[in-house]
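Trainee: Below you'll find my_file-v6.txt; it's compact mmCIF, N, CA, C and O atoms.
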# COMPACT_ATOMS: atom_id res chain seq x y z
N MET A 104 -99.89 -126.64 117.80
CA MET A 104 -100.85 -127.29 118.68
C MET A 104 -102.10 -127.63 117.87
O MET A 104 -102.60 -126.82 117.10
N SER A 105 -102.60 -128.83 118.03
CA SER A 105 -103.75 -129.29 117.25
C SER A 105 -105.04 -128.55 117.64
O SER A 105 -105.15 -128.00 118.74
N LEU A 106 -105.98 -128.58 116.71
CA LEU A 106 -107.29 -127.98 116.99
C LEU A 106 -107.97 -128.63 118.18
O LEU A 106 -108.56 -127.95 119.01
N THR A 107 -107.91 -129.94 118.23
CA THR A 107 -108.61 -130.64 119.31
C THR A 107 -108.03 -130.27 120.67
O THR A 107 -108.78 -130.12 121.63
N VAL A 108 -106.72 -130.09 120.74
CA VAL A 108 -106.11 -129.67 122.01
C VAL A 108 -106.52 -128.25 122.34
O VAL A 108 -106.89 -127.95 123.47
N ARG A 109 -106.49 -127.37 121.35
CA ARG A 109 -106.83 -125.96 121.59
C ARG A 109 -108.30 -125.76 121.95
O ARG A 109 -108.64 -124.80 122.65
N LEU A 110 -109.17 -126.64 121.47
CA LEU A 110 -110.61 -126.44 121.66
C LEU A 110 -111.23 -127.36 122.72
O LEU A 110 -112.40 -127.21 123.05
N ALA A 111 -110.47 -128.28 123.26
CA ALA A 111 -111.01 -129.30 124.17
C ALA A 111 -111.75 -128.70 125.36
O ALA A 111 -112.79 -129.23 125.77
N HIS A 112 -111.25 -127.61 125.90
CA HIS A 112 -111.90 -127.03 127.08
C HIS A 112 -113.30 -126.49 126.80
O HIS A 112 -114.06 -126.22 127.73
N GLN A 113 -113.67 -126.39 125.53
CA GLN A 113 -114.99 -125.85 125.17
C GLN A 113 -116.04 -126.94 124.92
O GLN A 113 -117.20 -126.63 124.68
N VAL A 114 -115.62 -128.20 124.99
CA VAL A 114 -116.53 -129.31 124.68
C VAL A 114 -116.49 -130.28 125.85
O VAL A 114 -115.41 -130.63 126.34
N ASP A 115 -117.66 -130.72 126.29
CA ASP A 115 -117.70 -131.60 127.46
C ASP A 115 -117.00 -132.93 127.19
O ASP A 115 -116.89 -133.38 126.05
N SER A 116 -116.51 -133.53 128.24
CA SER A 116 -115.67 -134.72 128.11
C SER A 116 -116.40 -135.90 127.47
O SER A 116 -115.79 -136.67 126.72
N GLN A 117 -117.68 -136.07 127.73
CA GLN A 117 -118.42 -137.18 127.13
C GLN A 117 -118.52 -137.01 125.61
O GLN A 117 -118.33 -137.97 124.86
N THR A 118 -118.79 -135.80 125.16
CA THR A 118 -118.85 -135.53 123.72
C THR A 118 -117.49 -135.76 123.08
O THR A 118 -117.41 -136.36 122.00
N ARG A 119 -116.43 -135.31 123.74
CA ARG A 119 -115.08 -135.54 123.21
C ARG A 119 -114.78 -137.03 123.10
O ARG A 119 -114.25 -137.49 122.09
N ALA A 120 -115.12 -137.79 124.13
CA ALA A 120 -114.85 -139.24 124.12
C ALA A 120 -115.63 -139.93 123.02
O ALA A 120 -115.08 -140.77 122.28
N ARG A 121 -116.90 -139.60 122.87
CA ARG A 121 -117.73 -140.24 121.85
C ARG A 121 -117.26 -139.84 120.44
O ARG A 121 -117.26 -140.65 119.51
N GLY A 122 -116.85 -138.58 120.27
CA GLY A 122 -116.33 -138.14 118.99
C GLY A 122 -115.02 -138.82 118.63
O GLY A 122 -114.79 -139.18 117.47
N ALA A 123 -114.17 -139.03 119.63
CA ALA A 123 -112.90 -139.72 119.39
C ALA A 123 -113.15 -141.16 118.93
O ALA A 123 -112.46 -141.68 118.05
N VAL A 124 -114.16 -141.81 119.50
CA VAL A 124 -114.51 -143.17 119.08
C VAL A 124 -114.98 -143.15 117.63
O VAL A 124 -114.58 -144.01 116.83
N CYS A 125 -115.81 -142.19 117.25
CA CYS A 125 -116.27 -142.07 115.85
C CYS A 125 -115.07 -141.90 114.92
O CYS A 125 -115.01 -142.54 113.87
N TYR A 126 -114.14 -141.06 115.30
CA TYR A 126 -112.96 -140.83 114.46
C TYR A 126 -112.13 -142.10 114.35
O TYR A 126 -111.77 -142.52 113.24
N ARG A 127 -111.82 -142.74 115.47
CA ARG A 127 -110.99 -143.95 115.44
C ARG A 127 -111.68 -145.09 114.71
O ARG A 127 -111.02 -145.97 114.15
N SER A 128 -113.02 -145.08 114.69
CA SER A 128 -113.79 -146.12 113.99
C SER A 128 -113.92 -145.81 112.50
O SER A 128 -114.67 -146.49 111.78
N ARG A 129 -113.25 -144.76 112.06
CA ARG A 129 -113.24 -144.36 110.64
C ARG A 129 -114.63 -144.02 110.10
O ARG A 129 -114.97 -144.36 108.97
N GLN A 130 -115.41 -143.35 110.94
CA GLN A 130 -116.76 -142.96 110.54
C GLN A 130 -116.80 -141.60 109.84
O GLN A 130 -117.85 -141.19 109.37
N VAL A 131 -115.66 -140.92 109.78
CA VAL A 131 -115.61 -139.59 109.16
C VAL A 131 -115.06 -139.70 107.74
O VAL A 131 -113.99 -140.27 107.53
N ARG A 132 -115.80 -139.14 106.81
CA ARG A 132 -115.33 -139.05 105.42
C ARG A 132 -115.31 -137.58 105.04
O ARG A 132 -116.36 -136.94 104.94
N ILE A 133 -114.12 -137.03 104.84
CA ILE A 133 -114.01 -135.63 104.44
C ILE A 133 -114.34 -135.53 102.96
O ILE A 133 -113.71 -136.19 102.12
N LEU A 134 -115.34 -134.72 102.64
CA LEU A 134 -115.75 -134.50 101.26
C LEU A 134 -114.89 -133.44 100.59
O LEU A 134 -114.56 -133.55 99.41
N SER A 135 -114.56 -132.40 101.36
CA SER A 135 -113.68 -131.35 100.87
C SER A 135 -113.02 -130.71 102.09
O SER A 135 -113.61 -130.66 103.17
N GLY A 136 -111.80 -130.26 101.90
CA GLY A 136 -111.10 -129.62 103.00
C GLY A 136 -109.91 -128.85 102.51
O GLY A 136 -109.27 -129.23 101.53
N ASP A 137 -109.64 -127.74 103.17
CA ASP A 137 -108.48 -126.92 102.87
C ASP A 137 -108.11 -126.13 104.12
O ASP A 137 -108.54 -126.48 105.22
N ASP A 138 -107.35 -125.05 103.95
CA ASP A 138 -106.90 -124.27 105.09
C ASP A 138 -108.03 -123.50 105.78
O ASP A 138 -107.87 -123.07 106.92
N GLU A 139 -109.14 -123.31 105.09
CA GLU A 139 -110.21 -122.47 105.62
C GLU A 139 -111.49 -123.21 106.00
O GLU A 139 -112.25 -122.72 106.83
N ALA A 140 -111.77 -124.36 105.39
CA ALA A 140 -113.05 -125.02 105.63
C ALA A 140 -112.94 -126.52 105.41
O ALA A 140 -112.08 -127.00 104.67
N VAL A 141 -113.85 -127.24 106.04
CA VAL A 141 -113.96 -128.69 105.88
C VAL A 141 -115.44 -129.04 105.80
O VAL A 141 -116.25 -128.53 106.58
N ASN A 142 -115.78 -129.92 104.87
CA ASN A 142 -117.11 -130.50 104.80
C ASN A 142 -116.95 -132.01 104.86
O ASN A 142 -116.10 -132.57 104.15
N ALA A 143 -117.75 -132.64 105.70
CA ALA A 143 -117.59 -134.08 105.91
C ALA A 143 -118.94 -134.74 106.13
O ALA A 143 -119.94 -134.08 106.44
N ILE A 144 -118.92 -136.05 105.99
CA ILE A 144 -120.05 -136.90 106.36
C ILE A 144 -119.54 -137.81 107.48
O ILE A 144 -118.49 -138.43 107.34
N VAL A 145 -120.29 -137.88 108.56
CA VAL A 145 -119.98 -138.80 109.65
C VAL A 145 -121.10 -139.83 109.68
O VAL A 145 -122.27 -139.49 109.83
N THR A 146 -120.73 -141.09 109.52
CA THR A 146 -121.71 -142.16 109.43
C THR A 146 -121.65 -143.02 110.67
O THR A 146 -120.60 -143.51 111.06
N GLY A 147 -122.79 -143.16 111.28
CA GLY A 147 -122.96 -144.07 112.42
C GLY A 147 -124.28 -144.77 112.18
O GLY A 147 -124.46 -145.45 111.17
N SER A 148 -125.24 -144.53 113.06
CA SER A 148 -126.58 -145.08 112.82
C SER A 148 -127.23 -144.39 111.63
O SER A 148 -128.05 -144.98 110.93
N ASN A 149 -126.84 -143.15 111.36
CA ASN A 149 -127.29 -142.37 110.21
C ASN A 149 -126.12 -141.53 109.72
O ASN A 149 -125.23 -141.20 110.51
N PRO A 150 -126.12 -141.11 108.47
CA PRO A 150 -125.08 -140.19 108.00
C PRO A 150 -125.47 -138.75 108.32
O PRO A 150 -126.62 -138.35 108.10
N TYR A 151 -124.51 -137.99 108.84
CA TYR A 151 -124.76 -136.58 109.16
C TYR A 151 -123.70 -135.72 108.50
O TYR A 151 -122.52 -136.07 108.48
N GLY A 152 -124.14 -134.59 107.95
CA GLY A 152 -123.22 -133.64 107.34
C GLY A 152 -122.63 -132.73 108.40
O GLY A 152 -123.35 -132.25 109.28
N VAL A 153 -121.33 -132.49 108.31
CA VAL A 153 -120.64 -131.59 109.23
C VAL A 153 -119.90 -130.56 108.40
O VAL A 153 -119.26 -130.89 107.40
N ALA A 154 -119.98 -129.31 108.82
CA ALA A 154 -119.25 -128.22 108.18
C ALA A 154 -118.46 -127.47 109.24
O ALA A 154 -118.97 -127.17 110.32
N LEU A 155 -117.21 -127.17 108.92
CA LEU A 155 -116.33 -126.38 109.77
C LEU A 155 -115.76 -125.26 108.92
O LEU A 155 -115.40 -125.48 107.77
N ARG A 156 -115.64 -124.07 109.52
CA ARG A 156 -115.12 -122.93 108.75
C ARG A 156 -114.38 -121.99 109.69
O ARG A 156 -114.92 -121.59 110.73
N ARG A 157 -113.16 -121.65 109.29
CA ARG A 157 -112.41 -120.63 110.04
C ARG A 157 -113.10 -119.29 109.86
O ARG A 157 -113.61 -118.98 108.78
N SER A 158 -113.09 -118.51 110.90
CA SER A 158 -113.62 -117.15 110.82
C SER A 158 -112.75 -116.26 111.69
O SER A 158 -111.93 -116.74 112.48
N ARG A 159 -112.95 -114.99 111.57
CA ARG A 159 -112.19 -114.05 112.39
C ARG A 159 -112.45 -114.31 113.87
O ARG A 159 -111.57 -114.13 114.70
N GLY A 160 -113.63 -114.78 114.19
CA GLY A 160 -113.99 -115.02 115.59
C GLY A 160 -113.62 -116.40 116.10
O GLY A 160 -113.84 -116.71 117.25
N GLY A 161 -113.07 -117.25 115.25
CA GLY A 161 -112.69 -118.58 115.69
C GLY A 161 -113.00 -119.63 114.65
O GLY A 161 -112.67 -119.48 113.49
N LEU A 162 -113.69 -120.67 115.08
CA LEU A 162 -114.04 -121.76 114.19
C LEU A 162 -115.55 -121.99 114.29
O LEU A 162 -116.07 -122.30 115.36
N GLU A 163 -116.24 -121.79 113.17
CA GLU A 163 -117.68 -122.01 113.13
C GLU A 163 -117.94 -123.45 112.71
O GLU A 163 -117.21 -124.00 111.89
N SER A 164 -118.98 -124.03 113.25
CA SER A 164 -119.28 -125.43 112.95
C SER A 164 -120.79 -125.64 112.87
O SER A 164 -121.57 -124.84 113.38
N TRP A 165 -121.14 -126.74 112.20
CA TRP A 165 -122.54 -127.14 112.16
C TRP A 165 -122.60 -128.63 111.83
O TRP A 165 -121.75 -129.16 111.13
N CYS A 166 -123.62 -129.28 112.35
CA CYS A 166 -123.89 -130.68 112.03
C CYS A 166 -125.38 -130.82 111.81
O CYS A 166 -126.18 -130.13 112.46
N THR A 167 -125.75 -131.73 110.94
CA THR A 167 -127.17 -131.93 110.63
C THR A 167 -127.86 -132.89 111.59
O THR A 167 -129.03 -133.19 111.40
N CYS A 168 -127.17 -133.34 112.61
CA CYS A 168 -127.76 -134.30 113.55
C CYS A 168 -128.81 -133.64 114.44
O CYS A 168 -128.77 -132.43 114.68
N PRO A 169 -129.75 -134.43 114.95
CA PRO A 169 -130.79 -133.89 115.83
C PRO A 169 -130.25 -133.29 117.13
O PRO A 169 -130.84 -132.37 117.67
N TYR A 170 -129.12 -133.81 117.61
CA TYR A 170 -128.55 -133.29 118.87
C TYR A 170 -128.22 -131.80 118.74
O TYR A 170 -128.55 -131.01 119.63
N VAL A 171 -127.57 -131.42 117.66
CA VAL A 171 -127.21 -130.02 117.46
C VAL A 171 -128.47 -129.18 117.28
O VAL A 171 -128.60 -128.10 117.86
N GLU A 172 -129.39 -129.67 116.49
CA GLU A 172 -130.65 -128.93 116.28
C GLU A 172 -131.38 -128.69 117.60
O GLU A 172 -131.88 -127.61 117.85
N ARG A 173 -131.41 -129.71 118.42
CA ARG A 173 -132.17 -129.65 119.68
C ARG A 173 -131.43 -128.88 120.78
O ARG A 173 -132.02 -128.06 121.47
N ASN A 174 -130.13 -129.14 120.94
CA ASN A 174 -129.39 -128.60 122.08
C ASN A 174 -128.52 -127.39 121.79
O ASN A 174 -128.06 -126.74 122.72
N ARG A 175 -128.26 -127.14 120.51
CA ARG A 175 -127.38 -126.03 120.13
C ARG A 175 -126.03 -126.12 120.84
O ARG A 175 -125.50 -125.14 121.35
N GLU A 176 -125.49 -127.35 120.85
CA GLU A 176 -124.17 -127.62 121.43
C GLU A 176 -123.37 -128.46 120.44
O GLU A 176 -123.94 -129.18 119.63
N VAL A 177 -122.06 -128.38 120.55
CA VAL A 177 -121.17 -129.19 119.71
C VAL A 177 -121.44 -130.66 119.99
O VAL A 177 -121.56 -131.08 121.14
N CYS A 178 -121.53 -131.45 118.92
CA CYS A 178 -121.84 -132.87 119.03
C CYS A 178 -120.60 -133.73 118.76
O CYS A 178 -119.56 -133.23 118.34
N LYS A 179 -120.76 -135.02 118.95
CA LYS A 179 -119.65 -135.96 118.70
C LYS A 179 -119.23 -135.96 117.24
O LYS A 179 -118.06 -136.19 116.93
N HIS A 180 -120.15 -135.68 116.32
CA HIS A 180 -119.82 -135.67 114.89
C HIS A 180 -118.88 -134.50 114.56
O HIS A 180 -117.94 -134.67 113.78
N ILE A 181 -119.14 -133.35 115.15
CA ILE A 181 -118.26 -132.20 114.96
C ILE A 181 -116.89 -132.51 115.55
O ILE A 181 -115.85 -132.26 114.92
N TRP A 182 -116.86 -133.09 116.75
CA TRP A 182 -115.59 -133.40 117.39
C TRP A 182 -114.81 -134.43 116.56
O TRP A 182 -113.59 -134.30 116.37
N ALA A 183 -115.49 -135.44 116.05
CA ALA A 183 -114.83 -136.45 115.21
C ALA A 183 -114.25 -135.80 113.95
O ALA A 183 -113.13 -136.12 113.52
N THR A 184 -114.98 -134.87 113.37
CA THR A 184 -114.52 -134.18 112.16
C THR A 184 -113.32 -133.30 112.48
O THR A 184 -112.40 -133.18 111.66
N LEU A 185 -113.29 -132.70 113.65
CA LEU A 185 -112.12 -131.92 114.05
C LEU A 185 -110.87 -132.82 114.11
O LEU A 185 -109.79 -132.42 113.67
N HIS A 186 -111.02 -134.03 114.64
CA HIS A 186 -109.89 -134.98 114.66
C HIS A 186 -109.44 -135.28 113.23
O HIS A 186 -108.23 -135.29 112.94
N ALA A 187 -110.39 -135.55 112.34
CA ALA A 187 -110.05 -135.87 110.95
C ALA A 187 -109.40 -134.68 110.25
O ALA A 187 -108.44 -134.85 109.48
N ALA A 188 -109.89 -133.48 110.52
CA ALA A 188 -109.30 -132.27 109.93
C ALA A 188 -107.87 -132.09 110.41
O ALA A 188 -106.96 -131.77 109.62
N ASP A 189 -107.63 -132.31 111.70
CA ASP A 189 -106.27 -132.25 112.25
C ASP A 189 -105.36 -133.24 111.53
O ASP A 189 -104.26 -132.90 111.10
N ALA A 190 -105.81 -134.47 111.42
CA ALA A 190 -105.01 -135.53 110.81
C ALA A 190 -104.67 -135.23 109.35
O ALA A 190 -103.59 -135.59 108.87
N ALA A 191 -105.59 -134.56 108.65
CA ALA A 191 -105.39 -134.25 107.23
C ALA A 191 -104.68 -132.91 107.01
O ALA A 191 -104.39 -132.56 105.88
N GLY A 192 -104.42 -132.17 108.09
CA GLY A 192 -103.76 -130.88 107.97
C GLY A 192 -104.65 -129.76 107.48
O GLY A 192 -104.17 -128.75 106.99
N HIS A 193 -105.96 -129.94 107.60
CA HIS A 193 -106.90 -128.90 107.18
C HIS A 193 -107.10 -127.86 108.29
O HIS A 193 -106.73 -128.08 109.43
N LEU A 194 -107.68 -126.74 107.91
CA LEU A 194 -108.01 -125.63 108.80
C LEU A 194 -106.77 -124.97 109.40
O LEU A 194 -106.82 -124.38 110.47
N ASP A 195 -105.67 -125.04 108.68
CA ASP A 195 -104.42 -124.44 109.13
C ASP A 195 -104.15 -123.21 108.28
O ASP A 195 -103.14 -123.12 107.61
N GLY A 196 -105.08 -122.29 108.29
CA GLY A 196 -105.06 -121.15 107.37
C GLY A 196 -104.09 -120.05 107.69
O GLY A 196 -104.44 -118.88 107.66
N GLY A 197 -102.86 -120.37 107.98
CA GLY A 197 -101.86 -119.33 108.17
C GLY A 197 -101.92 -118.72 109.55
O GLY A 197 -101.56 -119.35 110.53
N ALA A 198 -102.40 -117.50 109.63
CA ALA A 198 -102.43 -116.78 110.90
C ALA A 198 -103.31 -117.52 111.91
O ALA A 198 -104.39 -118.01 111.56
N PRO A 199 -102.83 -117.64 113.13
CA PRO A 199 -103.64 -118.33 114.14
C PRO A 199 -104.94 -117.57 114.39
O PRO A 199 -104.99 -116.35 114.32
N PHE A 200 -105.97 -118.31 114.64
CA PHE A 200 -107.25 -117.69 114.95
C PHE A 200 -107.57 -117.94 116.42
O PHE A 200 -107.05 -118.88 117.01
N PRO A 201 -108.41 -117.10 117.00
CA PRO A 201 -108.76 -117.32 118.40
C PRO A 201 -109.38 -118.70 118.58
O PRO A 201 -110.16 -119.14 117.75
N PRO A 202 -109.03 -119.40 119.63
CA PRO A 202 -109.55 -120.75 119.84
C PRO A 202 -110.98 -120.74 120.38
O PRO A 202 -111.25 -121.13 121.50
N ARG A 203 -111.91 -120.27 119.57
CA ARG A 203 -113.32 -120.25 119.98
C ARG A 203 -114.10 -121.09 118.99
O ARG A 203 -114.08 -120.84 117.79
N LEU A 204 -114.79 -122.08 119.49
CA LEU A 204 -115.62 -122.97 118.68
C LEU A 204 -117.07 -122.56 118.86
O LEU A 204 -117.56 -122.47 119.99
N SER A 205 -117.75 -122.29 117.76
CA SER A 205 -119.15 -121.89 117.84
C SER A 205 -119.98 -122.65 116.82
O SER A 205 -119.45 -123.22 115.87
N LEU A 206 -121.27 -122.63 117.02
CA LEU A 206 -122.20 -123.20 116.06
C LEU A 206 -122.73 -122.09 115.16
O LEU A 206 -122.96 -120.98 115.63
N ASP A 207 -122.91 -122.40 113.89
CA ASP A 207 -123.43 -121.42 112.93
C ASP A 207 -124.40 -122.13 112.02
O ASP A 207 -124.00 -122.85 111.11
N SER A 208 -125.67 -121.91 112.25
CA SER A 208 -126.71 -122.59 111.47
C SER A 208 -126.88 -122.01 110.08
O SER A 208 -127.65 -122.52 109.28
N ASP A 209 -126.14 -120.95 109.75
CA ASP A 209 -126.25 -120.34 108.41
C ASP A 209 -125.54 -121.13 107.33
O ASP A 209 -125.67 -120.85 106.17
N PHE A 210 -124.75 -122.11 107.73
CA PHE A 210 -124.11 -122.95 106.73
C PHE A 210 -124.08 -124.38 107.21
O PHE A 210 -123.97 -124.66 108.38
N HIS A 211 -124.27 -125.27 106.31
CA HIS A 211 -124.16 -126.71 106.57
C HIS A 211 -124.40 -127.46 105.29
O HIS A 211 -124.82 -126.90 104.29
N GLU A 212 -124.10 -128.76 105.33
CA GLU A 212 -124.27 -129.62 104.14
C GLU A 212 -125.74 -129.76 103.84
O GLU A 212 -126.56 -129.91 104.69
Once you've parsed the file, please lay out its structure as structure tokens.

Mentor:
Amino acid sequence: MSLTVRLAHQVDSQTRARGAVCYRSRQVRILSGDDEAVNAIVTGSNPYGVALRRSRGGLESWCTCPYVERNREVCKHIWATLHAADAAGHLDGGAPFPPRLSLDSDFHE
């Protein structure tokens, strides 16, 4: 089961829809990715850095956009990067992890 399917219930529908548009519009460029982490740039009106990392508690994420800084909620850039990570086969680090998506300001691009 894909990450986006497993995590969809944790992200509001508008954010998911806007993130899917970013992904389909090829606005996500993965800089590095493997079974444990992904770093990407999502370019729209501005380029924003996105970081995703598997953890024992689920999947930690961060984006440099003002929305995340202001609202402390998952943004469309994170959701778009999750789609790109799924498509590239990243974040599939063996043992399944709990499907919990969180923000972690301790790491980012």

Trainee: Please check which residues have atoms at most 12 Å from (-114.4, -143.9, 117.3) in the file's coordinates, counting only C-alpha atoms, and write them as a PyMOL selection string.

Mentor: chain A and resi 118-131+145-147+179-180+182-184+186-187

Trainee: Nearest to Ala191 (chain A): which of A:Leu162, A:Ala154, A:Asp137, A:Leu206 is it, counting all atoms listed in the file?

Mentor: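 Of A:Leu162, A:Ala154, A:Asp137, A:Leu206, the one nearest Ala191 (chain A) is A:Asp137, counting all atoms listed in the file.
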
Trainee: Extract the full set of helix (DSSP H, G or I) residues from chain A according to DSSP on the backbone, and format it as a PyMOL selection string.

Mentor: chain A and resi 106-113+116-127+169-174+179-191

Trainee: Select, from A:Glu176, A:Asp189, A:Asp195, A:Asp207, the residue with the minimum atom-to-atom distance to Asp115 (chain A), counting only C-alpha atoms.

Mentor: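 Using only C-alpha atoms, the shortest distance to Asp115 (chain A) belongs to A:Glu176.
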
Trainee: With a distance cut-off of 8 Å and only N, CA, C and O atoms, select the neighbouring residues of Leu106 (chain A), excluding the residue or stretch itself and same-chain residues fewer than 5 positions from it, and output the selection as a PyMOL selection string.

Mentor: chain A and resi 111-112+185-186+188-190+193-194+202

Trainee: Within 6 Å of Ile144 (chain A), counting all atoms listed in the file, which residues show up once you throw out same-chain ones fewer than 4 positions away? Write them as a PyMOL selection string, please.

Mentor: chain A and resi 130-134+151-153

Trainee: Go ahead and compute the interatomic distance for CA of Ala140 (chain A) and CA of Thr167 (chain A), in Å to one decimal.

Mentor: 16.5 Å

Trainee: One decimal, Å: what's the distance from atom C of Ser164 (chain A) over to atom C of Ser205 (chain A), could you say?

Mentor: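 Taking atom C of Ser164 (chain A) as the start and atom C of Ser205 (chain A) as the end point, the length is 5.0 Å.
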
Trainee: Taking only C-alpha atoms into account, which of A:Gly160, A:Arg109, A:Cys168, A:Asp209 comes nearest Ser148 (chain A)?

Mentor: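 Residue with the minimum atom-to-atom distance to Ser148 (chain A): A:Cys168.
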
Trainee: Tell me, which residues of chain A carry DSSP strand (DSSP E or B), written as a PyMOL selection string?

Mentor: chain A and resi 131-136+140-146+150-158+161-166+204-206

Trainee: Using Å and a single decimal, report how far CA of Asp138 (chain A) sits from atom C of Arg173 (chain A).

Mentor: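 Those two atoms sit 29.5 Å apart.
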
Trainee: Report as a list of chain:residue names all protein, DNA and RNA residues lying within 7 Å of Leu204 (chain A), evaluated on only C-alpha atoms, omitting residues in the same chain fewer than 6 positions from it.

Mentor: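 Final neighbour list, sorted by chain and number: A:Leu110, A:Gly161, A:Leu162, A:Glu163.
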
Trainee: Using all atoms of region 106-111 of chain A that appear in the file, construct an axis-aligned enclosing box with 3 Å of padding on every side and provide its centre coordinates and edge lengths in Å, rounded to one decimal, as lines of an AutoDock Vina configuration file.

Mentor:
center_x = -109.4
center_y = -127.7
center_z = 121.2
size_x = 12.8
size_y = 11.8
size_z = 15.1

Trainee: I need region 128-135 of chain A from the structure I supplied, saved as a PDB file, in the first residue's frame with all heavy atoms retained.

Mentor:
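Okay, this is what ended up in selection.pdb:
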ATOM      1  N   SER A 128       2.172  18.209 -12.017  1.00  0.00           N
ATOM      2  CA  SER A 128       2.764  19.296 -12.803  1.00  0.00           C
ATOM      3  C   SER A 128       4.290  19.222 -12.814  1.00  0.00           C
ATOM      4  O   SER A 128       4.957  20.143 -13.293  1.00  0.00           O
ATOM      5  CB  SER A 128       2.335  20.649 -12.233  1.00  0.00           C
ATOM      6  OG  SER A 128       0.942  20.791 -12.297  1.00  0.00           O
ATOM      7  N   ARG A 129       4.826  18.153 -12.244  1.00  0.00           N
ATOM      8  CA  ARG A 129       6.280  17.911 -12.221  1.00  0.00           C
ATOM      9  C   ARG A 129       7.054  19.011 -11.496  1.00  0.00           C
ATOM     10  O   ARG A 129       8.135  19.411 -11.923  1.00  0.00           O
ATOM     11  CB  ARG A 129       6.814  17.700 -13.621  1.00  0.00           C
ATOM     12  CG  ARG A 129       6.185  16.521 -14.321  1.00  0.00           C
ATOM     13  CD  ARG A 129       6.711  16.381 -15.721  1.00  0.00           C
ATOM     14  NE  ARG A 129       6.033  15.309 -16.402  1.00  0.00           N
ATOM     15  CZ  ARG A 129       6.573  14.109 -16.633  1.00  0.00           C
ATOM     16  NH1 ARG A 129       7.778  13.850 -16.234  1.00  0.00           N
ATOM     17  NH2 ARG A 129       5.882  13.190 -17.273  1.00  0.00           N
ATOM     18  N   GLN A 130       6.475  19.484 -10.401  1.00  0.00           N
ATOM     19  CA  GLN A 130       7.128  20.534  -9.620  1.00  0.00           C
ATOM     20  C   GLN A 130       8.065  19.980  -8.555  1.00  0.00           C
ATOM     21  O   GLN A 130       8.746  20.746  -7.887  1.00  0.00           O
ATOM     22  CB  GLN A 130       6.067  21.429  -8.968  1.00  0.00           C
ATOM     23  CG  GLN A 130       5.242  22.197  -9.969  1.00  0.00           C
ATOM     24  CD  GLN A 130       4.132  22.991  -9.316  1.00  0.00           C
ATOM     25  OE1 GLN A 130       3.661  22.672  -8.231  1.00  0.00           O
ATOM     26  NE2 GLN A 130       3.705  24.048  -9.980  1.00  0.00           N
ATOM     27  N   VAL A 131       8.104  18.658  -8.402  1.00  0.00           N
ATOM     28  CA  VAL A 131       8.950  18.032  -7.378  1.00  0.00           C
ATOM     29  C   VAL A 131      10.229  17.509  -8.020  1.00  0.00           C
ATOM     30  O   VAL A 131      10.183  16.768  -8.995  1.00  0.00           O
ATOM     31  CB  VAL A 131       8.222  16.858  -6.685  1.00  0.00           C
ATOM     32  CG1 VAL A 131       9.117  16.232  -5.620  1.00  0.00           C
ATOM     33  CG2 VAL A 131       6.896  17.306  -6.094  1.00  0.00           C
ATOM     34  N   ARG A 132      11.346  17.912  -7.442  1.00  0.00           N
ATOM     35  CA  ARG A 132      12.644  17.378  -7.868  1.00  0.00           C
ATOM     36  C   ARG A 132      13.298  16.743  -6.654  1.00  0.00           C
ATOM     37  O   ARG A 132      13.658  17.427  -5.688  1.00  0.00           O
ATOM     38  CB  ARG A 132      13.543  18.478  -8.430  1.00  0.00           C
ATOM     39  CG  ARG A 132      14.885  17.942  -8.920  1.00  0.00           C
ATOM     40  CD  ARG A 132      15.680  18.967  -9.713  1.00  0.00           C
ATOM     41  NE  ARG A 132      15.840  20.219  -9.008  1.00  0.00           N
ATOM     42  CZ  ARG A 132      16.965  20.599  -8.389  1.00  0.00           C
ATOM     43  NH1 ARG A 132      18.028  19.824  -8.410  1.00  0.00           N
ATOM     44  NH2 ARG A 132      17.018  21.761  -7.788  1.00  0.00           N
ATOM     45  N   ILE A 133      13.424  15.421  -6.671  1.00  0.00           N
ATOM     46  CA  ILE A 133      14.073  14.724  -5.555  1.00  0.00           C
ATOM     47  C   ILE A 133      15.573  14.907  -5.677  1.00  0.00           C
ATOM     48  O   ILE A 133      16.174  14.568  -6.703  1.00  0.00           O
ATOM     49  CB  ILE A 133      13.681  13.233  -5.532  1.00  0.00           C
ATOM     50  CG1 ILE A 133      12.182  13.107  -5.227  1.00  0.00           C
ATOM     51  CG2 ILE A 133      14.524  12.472  -4.507  1.00  0.00           C
ATOM     52  CD1 ILE A 133      11.668  11.684  -5.183  1.00  0.00           C
ATOM     53  N   LEU A 134      16.173  15.470  -4.642  1.00  0.00           N
ATOM     54  CA  LEU A 134      17.614  15.690  -4.602  1.00  0.00           C
ATOM     55  C   LEU A 134      18.347  14.434  -4.148  1.00  0.00           C
ATOM     56  O   LEU A 134      19.430  14.125  -4.638  1.00  0.00           O
ATOM     57  CB  LEU A 134      17.952  16.858  -3.680  1.00  0.00           C
ATOM     58  CG  LEU A 134      17.279  18.192  -4.010  1.00  0.00           C
ATOM     59  CD1 LEU A 134      17.596  19.215  -2.927  1.00  0.00           C
ATOM     60  CD2 LEU A 134      17.714  18.680  -5.378  1.00  0.00           C
ATOM     61  N   SER A 135      17.756  13.751  -3.173  1.00  0.00           N
ATOM     62  CA  SER A 135      18.302  12.484  -2.688  1.00  0.00           C
ATOM     63  C   SER A 135      17.152  11.686  -2.098  1.00  0.00           C
ATOM     64  O   SER A 135      16.194  12.248  -1.574  1.00  0.00           O
ATOM     65  CB  SER A 135      19.393  12.708  -1.635  1.00  0.00           C
ATOM     66  OG  SER A 135      18.860  13.345  -0.492  1.00  0.00           O
TER      67      SER A 135
END
